Each structure stands twice: as structure tokens, then as C-alpha cells.
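To start, the structure under review is shown below, and the notes come after it.
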Amino acid sequence: MRRLKLVGQGAAIGLVAALLGLLVWKVANQDDPGGVAASFQRGERTPARGFTLDRLDAPGELSLASLRGKVVVLNFWAAWCEPCKREVPLFQAAFERYRGQGVTFLGVDTNDYSGNAKRFLERYGVTYPNVRDRDGAVLRRYGGLPLPRTFVIDRSGYVNGYIFGEVREDALHRAIEEALT
């Protein structure tokens with residue numbers, strides 16, 4: 001019995017060491033540590049990273065490239081995210097206010113179940129487009145967890161504003177107005 005316990009402990013230590021090695025390898029081999037958010041915060045003129053994802057609010061797919069020529073407010077969210085629940089009414093109101101001015105909103109539900117995400121959109125009356133980033137791959141390219149993260153992309157496809165965490169109404173309007181000029 002004692003021998004079996006030692007073998008189990010050895011296997012557990014080996015597994016932890018392997019996972020730690022994998023983590024170190026992943027961090028050391030990142031193409032862009034911190035993604036779009038880190039590039040923008042370093043003051044670099046940062047192009048938005050393109051993607052095509054399945055829509056949550058309608059059949060089919062939506063690509064970020066299809067929105068070129070408009071100012072895009074890109075918000076990463078999840079139904080389980082408490083700050084996301086508080087900020088979504090601000091996004092809906094701003095979408096209604098700015099949509100006639102060449103501004104669109106795109107929500108990216110990430111690391112979430114599609115049923116929960118669809119109920120979230122219904123509960124909060126969201127009418128702007130939303131897509132699903134099933135495994136968080138797009139989110140990682142933009143900076144990763146935690147949520148929420150919001151990017152304002154100008155008409156030429158470059159990040160013009162970045163808001164980490166829960167959006168305040170004044171900051172959102174200021175970022176949109178700057179992108180429109």
C-alpha cells in the first residue's frame with residue numbers, strides 16, 4: 001500500500017512539472033505578449049487583428065474586415081462577467097445614438113456557453129451584432145482575460161481607443177468622438 005502511495009505522489013509531481021513546463025514554453029513562445037492591448041498601450045499605431053466568427057444574433061458568420069470604413073466599438077464580454085452585465089446597457093444606448101454616424105458595435109462573447117450568451121443578449125435587449133469566440137482565441141490576440149475589454153477601431157482599421165475593465169459612459173463617448181474626427 002505504501003509503495004502505491006509513493007507511485008501516485010510521484011505521478012502527481014511529474015504531472016505538475018509537465019504542466020509548469022508547458023506554461024513556461026507557452027509564455028516564452030508568444031508571438032505578441034499582451035496582444036493588441038499591449039501594443040496600443042506602448043503607443044504603437046496598432047492595426048486591429050482580423051477575425052471571422054459565428055454570429056450569436058443571426059445565422060452565419062461576421063468578419064471584422066466587413067466593417068472596414070466604419071468606426072467599430074469592439075467589446076469582449078461573457079454572460080458570467082458581472083461588469084459586462086452593468087456596461088451592456090451603455091453599449092446599447094450608444095449604439096442607438098451613433099449608428100447613423102458611421103459607428104457600429106460588435107460584441108464578442110468569449111469563453112462562454114452559447115445558450116447563456118443568447119439569453120444574455122435577450123435579457124438586456126441587445127440589438128447590435130454579436131459573435132462567439134468559443135475558445136477565447138480571438139480574445140487572446142487582443143490581450144486575454146480578464147473581461148471586459150473594449151477597443152474603438154477607426155475607419156481605416158487601426159485601434160484608436162482601448163478601455164480595460166468596465167466602461168464608463170463618458171469614456172465611451174469620448175473614445176467614439178475621437179475616432180470620428
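So you can find residues: chains in the C-alpha cells are A, B, ... in the order shown, residues in each start at 1, and ligands are numbered from 1 in order.
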Excluding region 38-48 of chain A and residues on its chain fewer than 6 positions from it, collect all residues at most 12 Å away from it, counting only C-alpha atoms, and give them as number ranges by chain. A: 32, 63-65, 67-68, 71-74, 138-144, 150-164
Using DSSP on the backbone coordinates, identify the residues of region 90-167 of chain A assigned to alpha helix (DSSP H); present them as a PyMOL selection string. chain A and resi 90-98+114-123+137-142
Taking 2 positions as the minimum chain separation for residues in the same chain, which residues sit within 8 Å of Glu87 (chain A) when counting only C-alpha atoms? Answer as a list in words.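 Here the answer would be Pro83, Cys84, Lys85, Pro89, Leu90, Phe91, Glu166, Val167 and Arg168 of chain A.
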With N, CA, C and O atoms kept, could you save the residues just selected as a PDB file, in the first residue's frame?
ATOM      1  N   PRO A  83     -19.153  42.856 -14.495  1.00  0.00           N
ATOM      2  CA  PRO A  83     -19.038  44.182 -15.103  1.00  0.00           C
ATOM      3  C   PRO A  83     -19.668  44.240 -16.501  1.00  0.00           C
ATOM      4  O   PRO A  83     -20.189  45.283 -16.901  1.00  0.00           O
ATOM      5  N   CYS A  84     -19.642  43.122 -17.219  1.00  0.00           N
ATOM      6  CA  CYS A  84     -20.254  43.079 -18.554  1.00  0.00           C
ATOM      7  C   CYS A  84     -21.761  43.310 -18.461  1.00  0.00           C
ATOM      8  O   CYS A  84     -22.348  43.978 -19.319  1.00  0.00           O
ATOM      9  N   LYS A  85     -22.365  42.787 -17.421  1.00  0.00           N
ATOM     10  CA  LYS A  85     -23.808  42.968 -17.226  1.00  0.00           C
ATOM     11  C   LYS A  85     -24.138  44.434 -16.958  1.00  0.00           C
ATOM     12  O   LYS A  85     -25.174  44.933 -17.399  1.00  0.00           O
ATOM     13  N   PRO A  89     -25.991  47.932 -21.048  1.00  0.00           N
ATOM     14  CA  PRO A  89     -26.977  48.968 -21.373  1.00  0.00           C
ATOM     15  C   PRO A  89     -26.341  50.240 -21.950  1.00  0.00           C
ATOM     16  O   PRO A  89     -26.929  50.894 -22.815  1.00  0.00           O
ATOM     17  N   LEU A  90     -25.118  50.577 -21.514  1.00  0.00           N
ATOM     18  CA  LEU A  90     -24.409  51.733 -22.072  1.00  0.00           C
ATOM     19  C   LEU A  90     -24.072  51.508 -23.540  1.00  0.00           C
ATOM     20  O   LEU A  90     -24.197  52.423 -24.360  1.00  0.00           O
ATOM     21  N   PHE A  91     -23.647  50.284 -23.863  1.00  0.00           N
ATOM     22  CA  PHE A  91     -23.321  49.972 -25.258  1.00  0.00           C
ATOM     23  C   PHE A  91     -24.569  50.044 -26.133  1.00  0.00           C
ATOM     24  O   PHE A  91     -24.522  50.573 -27.240  1.00  0.00           O
ATOM     25  N   GLU A 166     -14.647  47.676 -16.847  1.00  0.00           N
ATOM     26  CA  GLU A 166     -15.998  48.195 -17.084  1.00  0.00           C
ATOM     27  C   GLU A 166     -15.963  49.600 -17.667  1.00  0.00           C
ATOM     28  O   GLU A 166     -15.262  50.479 -17.167  1.00  0.00           O
ATOM     29  N   VAL A 167     -16.723  49.797 -18.730  1.00  0.00           N
ATOM     30  CA  VAL A 167     -16.769  51.070 -19.435  1.00  0.00           C
ATOM     31  C   VAL A 167     -17.604  52.082 -18.653  1.00  0.00           C
ATOM     32  O   VAL A 167     -18.668  51.759 -18.145  1.00  0.00           O
ATOM     33  N   ARG A 168     -17.090  53.306 -18.599  1.00  0.00           N
ATOM     34  CA  ARG A 168     -17.877  54.437 -18.083  1.00  0.00           C
ATOM     35  C   ARG A 168     -18.438  55.180 -19.290  1.00  0.00           C
ATOM     36  O   ARG A 168     -17.791  55.274 -20.339  1.00  0.00           O
TER      37      ARG A 168
END
Nearby residues (only C-alpha atoms) at most 8 Å from region 99-110 of chain A, same-chain spacing under 5 positions excluded, as a ChimeraX atom specification: /A:70-79,91,117,128-136,139
Considering only strand (DSSP E or B) as DSSP defines it on the backbone, what residues of region 23-162 of chain A qualify? List them as a ChimeraX atom specification. /A:47,52-55,61-63,71-77,103-110,130-133,149-153,158-162
Separation of CA of Glu96 (chain A) from CA of Val126 (chain A), in Å and rounded to one decimal: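 CA of Val126 (chain A) lies at a distance of 10.4 Å from CA of Glu96 (chain A).
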Calculate how many Å separate CA of Glu82 (chain A) from CA of Pro148 (chain A), rounding to one decimal.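 It comes out at 9.2 Å.
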Of the listed residues A:Val88, A:Ala58, A:Ala37, A:Met1, that which approaches Glu169 (chain A) most closely, counting only C-alpha atoms: A:Val88
Rounded to one decimal, what separation in Å do you get between CA of Leu180 (chain A) and CA of Ser66 (chain A)? 18.3 Å
